[in-house]
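Asks: This is the structure I want to talk about, given as structure tokens.
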Amino acid sequence: MNRENASQKVAVVTGANRSDGLGHNLLLEYRRRSYTAIGAYRDPATSAPLLDLAKADPLVIALPLDVRSPQSFRTFGQEVRTRVQRCDLLVSNTGLPATRQPLHQAGYNELLEQLQVHALALVALAQVLVPIMPRGSLIVNISSGLGSLQRMGSGYPGYSPAKTAANAFARQLAATLRDQGIGVVSLSPGAFRSNLGGQGWAGTADEAASVVAKRIDALTMADSGSFLSAATGEPIPW
Ligand SMILES: NC(=O)c1ccc[n+]([C@@H]2O[C@H](COP(=O)([O-])OP(=O)(O)OC[C@H]3O[C@@H](n4cnc5c(N)ncnc54)[C@H](OP(=O)(O)O)[C@@H]3O)[C@@H](O)[C@H]2O)c1
């Protein structure tokens, strides 16, 4: 146990390696709220911001996780359970850009990766961490307005339907975990510049993280199972 205070809350955020990404900035938000913050990364070569932070702050823990690998989830879950024994907030944040080709020409493996990184990751994370999530804890699916089936067009091939799938998994997880007092919410952070997001887009990941964290602060169990705009708290059509 390498935490100062065993009663301290723990936040686990995936895709937390890039300083211009939402995950890393959410990790910083939760450190400011005095949580022990566990950030997942997959490639040390692109993860210096997280690895350096973990070296400087004993209450930041960096753990490897490749969400395409079932074994990686098992190892990750074991590490979290050994290091901190609890998880109060789990944020499934991994994402990757839409397929290069339109949907009818996209490669099978590219589409599979969209589903793994955006949708299956949420469920696999829940499977390894729910055993250490107390009543009142929360799982957040970082979704996107592009996952709205009602609004879906031909844009963002692979990405949009993978976000829809993530929303569906989140909704079913919410129903499954309700009796255990664990909430599950899909949040759309809105558009911001990042490695994934458009470089010309207006917001920064830092601003998006602040908006997402404030929304999380305001959530109650009554929101579990919903798909909300982080900025307004309004439901987004499925
Ligand atoms: N940017 C926007 O405007 C916007 C809008 C709506 C929703 N979102 C969502 O916000 C979330 C964060 O995106 P971002 O814009 O902040 O971009 P980002 O920094 O690129 O975040 C994506 C993260 O996912 C990680 N990742 C990808 N494949 C992975 C794998 N197989 N295993 C483990 N980690 C993997 C990436 O790691 P590497 O660095 O190793 O690639 C990266 O840390 C995503 O879910 C995205 O869909 C973003």
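By order in the structure tokens, chains are A, B, ...; within a chain, residues start at 1; ligands start at 1, following the order shown.
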So which bits of range 45-205 of chain A end up strand (DSSP E) when you DSSP the backbone, as a list of chain:residue names?

Replies: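 Checking each residue of range 45-205 of chain A, the strand (DSSP E) ones are A:Val60, A:Ile61, A:Ala62, A:Leu63, A:Pro64, A:Leu89, A:Leu90, A:Val91, A:Ser92, A:Leu138, A:Ile139, A:Val140, A:Asn141, A:Ile142, A:Gly183, A:Val184, A:Val185, A:Ser186, A:Leu187, A:Ser188.
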
Asks: Selected residues, C-alpha atoms, written as a CSV table (one decimal), in the first residue's frame, please.

Replies:
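For reference, part.csv as written:
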chain,number,residue,atom,x,y,z
A,60,VAL,CA,-0.1,9.5,-9.0
A,61,ILE,CA,0.4,6.0,-10.2
A,62,ALA,CA,1.1,5.2,-13.8
A,63,LEU,CA,0.1,1.7,-15.0
A,64,PRO,CA,0.4,0.1,-18.4
A,89,LEU,CA,-14.2,6.9,-9.9
A,90,LEU,CA,-13.4,5.0,-13.1
A,91,VAL,CA,-13.2,7.0,-16.3
A,92,SER,CA,-13.0,5.1,-19.6
A,138,LEU,CA,-19.1,6.1,-10.4
A,139,ILE,CA,-18.1,4.8,-13.8
A,140,VAL,CA,-17.9,7.4,-16.6
A,141,ASN,CA,-17.9,6.6,-20.2
A,142,ILE,CA,-16.2,9.4,-22.2
A,183,GLY,CA,-23.6,4.8,-11.1
A,184,VAL,CA,-22.7,4.6,-14.8
A,185,VAL,CA,-23.0,7.7,-17.0
A,186,SER,CA,-22.0,8.5,-20.6
A,187,LEU,CA,-20.7,12.1,-20.9
A,188,SER,CA,-20.0,14.0,-24.1

Asks: Find the nearest atom pair between each residue of range 134-197 of chain A and range 109-128 of chain A for residues within 12 Å, count only C-alpha atoms, give distances in Å to one decimal, sort rows by chain and ascending number, and present the table as JSON lines.

Replies:
{"residue": "A:Ser137", "atom": "CA", "partner": "A:Ala126", "partner_atom": "CA", "distance": 11.8}
{"residue": "A:Leu138", "atom": "CA", "partner": "A:Ala126", "partner_atom": "CA", "distance": 10.4}
{"residue": "A:Ile139", "atom": "CA", "partner": "A:Ala126", "partner_atom": "CA", "distance": 7.8}
{"residue": "A:Val140", "atom": "CA", "partner": "A:Leu122", "partner_atom": "CA", "distance": 8.7}
{"residue": "A:Asn141", "atom": "CA", "partner": "A:Leu122", "partner_atom": "CA", "distance": 6.8}
{"residue": "A:Ile142", "atom": "CA", "partner": "A:His118", "partner_atom": "CA", "distance": 8.6}
{"residue": "A:Ser143", "atom": "CA", "partner": "A:His118", "partner_atom": "CA", "distance": 8.2}
{"residue": "A:Ser144", "atom": "CA", "partner": "A:His118", "partner_atom": "CA", "distance": 10.3}
{"residue": "A:Gly147", "atom": "CA", "partner": "A:His118", "partner_atom": "CA", "distance": 10.5}
{"residue": "A:Tyr156", "atom": "CA", "partner": "A:Gln114", "partner_atom": "CA", "distance": 11.1}
{"residue": "A:Pro157", "atom": "CA", "partner": "A:Leu111", "partner_atom": "CA", "distance": 8.9}
{"residue": "A:Gly158", "atom": "CA", "partner": "A:Leu111", "partner_atom": "CA", "distance": 5.9}
{"residue": "A:Tyr159", "atom": "CA", "partner": "A:Gln114", "partner_atom": "CA", "distance": 6.2}
{"residue": "A:Ser160", "atom": "CA", "partner": "A:Gln114", "partner_atom": "CA", "distance": 9.3}
{"residue": "A:Pro161", "atom": "CA", "partner": "A:Leu115", "partner_atom": "CA", "distance": 8.4}
{"residue": "A:Ala162", "atom": "CA", "partner": "A:Leu115", "partner_atom": "CA", "distance": 5.1}
{"residue": "A:Lys163", "atom": "CA", "partner": "A:His118", "partner_atom": "CA", "distance": 6.0}
{"residue": "A:Thr164", "atom": "CA", "partner": "A:Ala119", "partner_atom": "CA", "distance": 8.2}
{"residue": "A:Ala165", "atom": "CA", "partner": "A:Ala119", "partner_atom": "CA", "distance": 5.8}
{"residue": "A:Ala166", "atom": "CA", "partner": "A:Ala119", "partner_atom": "CA", "distance": 4.0}
{"residue": "A:Asn167", "atom": "CA", "partner": "A:Ala119", "partner_atom": "CA", "distance": 7.8}
{"residue": "A:Ala168", "atom": "CA", "partner": "A:Ala119", "partner_atom": "CA", "distance": 8.7}
{"residue": "A:Phe169", "atom": "CA", "partner": "A:Val123", "partner_atom": "CA", "distance": 6.9}
{"residue": "A:Ala170", "atom": "CA", "partner": "A:Leu122", "partner_atom": "CA", "distance": 7.5}
{"residue": "A:Arg171", "atom": "CA", "partner": "A:Val123", "partner_atom": "CA", "distance": 10.9}
{"residue": "A:Gln172", "atom": "CA", "partner": "A:Val123", "partner_atom": "CA", "distance": 9.9}
{"residue": "A:Leu173", "atom": "CA", "partner": "A:Val123", "partner_atom": "CA", "distance": 7.8}
{"residue": "A:Ala174", "atom": "CA", "partner": "A:Ala126", "partner_atom": "CA", "distance": 10.8}
{"residue": "A:Thr176", "atom": "CA", "partner": "A:Ala126", "partner_atom": "CA", "distance": 11.2}
{"residue": "A:Leu177", "atom": "CA", "partner": "A:Ala126", "partner_atom": "CA", "distance": 10.0}
{"residue": "A:Ile182", "atom": "CA", "partner": "A:Ala126", "partner_atom": "CA", "distance": 10.6}
{"residue": "A:Gly183", "atom": "CA", "partner": "A:Ala126", "partner_atom": "CA", "distance": 11.5}
{"residue": "A:Val184", "atom": "CA", "partner": "A:Ala126", "partner_atom": "CA", "distance": 10.0}
{"residue": "A:Val185", "atom": "CA", "partner": "A:Leu122", "partner_atom": "CA", "distance": 11.2}
{"residue": "A:Ser186", "atom": "CA", "partner": "A:Leu122", "partner_atom": "CA", "distance": 10.5}

Asks: With C-alpha atoms kept, could you save the residues just selected as a compact mmCIF listing (two decimals), in the first residue's frame?

Replies:
# COMPACT_ATOMS: atom_id res chain seq x y z
CA SER A 137 -18.82 5.14 -6.74
CA LEU A 138 -19.12 6.08 -10.39
CA ILE A 139 -18.11 4.81 -13.82
CA VAL A 140 -17.87 7.44 -16.58
CA ASN A 141 -17.89 6.56 -20.25
CA ILE A 142 -16.22 9.41 -22.16
CA SER A 143 -18.56 9.45 -25.11
CA SER A 144 -19.27 11.93 -27.88
CA GLY A 147 -22.33 8.58 -30.90
CA TYR A 156 -16.51 9.84 -38.53
CA PRO A 157 -16.73 6.26 -39.87
CA GLY A 158 -16.26 3.56 -37.27
CA TYR A 159 -15.85 6.16 -34.51
CA SER A 160 -19.52 7.18 -34.32
CA PRO A 161 -21.01 3.67 -34.15
CA ALA A 162 -18.30 2.58 -31.71
CA LYS A 163 -19.35 5.44 -29.39
CA THR A 164 -22.99 4.33 -29.80
CA ALA A 165 -21.94 0.83 -28.73
CA ALA A 166 -20.11 2.30 -25.73
CA ASN A 167 -23.27 4.18 -24.76
CA ALA A 168 -25.29 0.96 -24.98
CA PHE A 169 -22.78 -0.93 -22.82
CA ALA A 170 -22.81 1.95 -20.32
CA ARG A 171 -26.60 1.86 -20.15
CA GLN A 172 -26.69 -1.87 -19.52
CA LEU A 173 -23.89 -1.62 -16.95
CA ALA A 174 -25.88 1.09 -15.16
CA THR A 176 -26.67 -4.13 -13.82
CA LEU A 177 -24.81 -2.20 -11.11
CA ILE A 182 -22.56 2.11 -8.52
CA GLY A 183 -23.56 4.76 -11.07
CA VAL A 184 -22.66 4.62 -14.77
CA VAL A 185 -22.96 7.71 -16.99
CA SER A 186 -21.97 8.53 -20.58

Asks: Could you tell me, counting only C-alpha atoms and all ligand atoms, which protein and nucleic acid residues lie no more than 8 Å from ligand 1, written as number ranges by chain?

Replies: A: 14-24, 40-43, 46-47, 65-69, 92-97, 113, 116-118, 142-146, 159, 163, 188-198, 201, 205

Asks: Would you mind reading off the distance between CA of Ser226 in chain A and CA of Ala175 in chain A, one decimal, in Å?

Replies: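 CA of Ala175 in chain A lies at a distance of 10.6 Å from CA of Ser226 in chain A.
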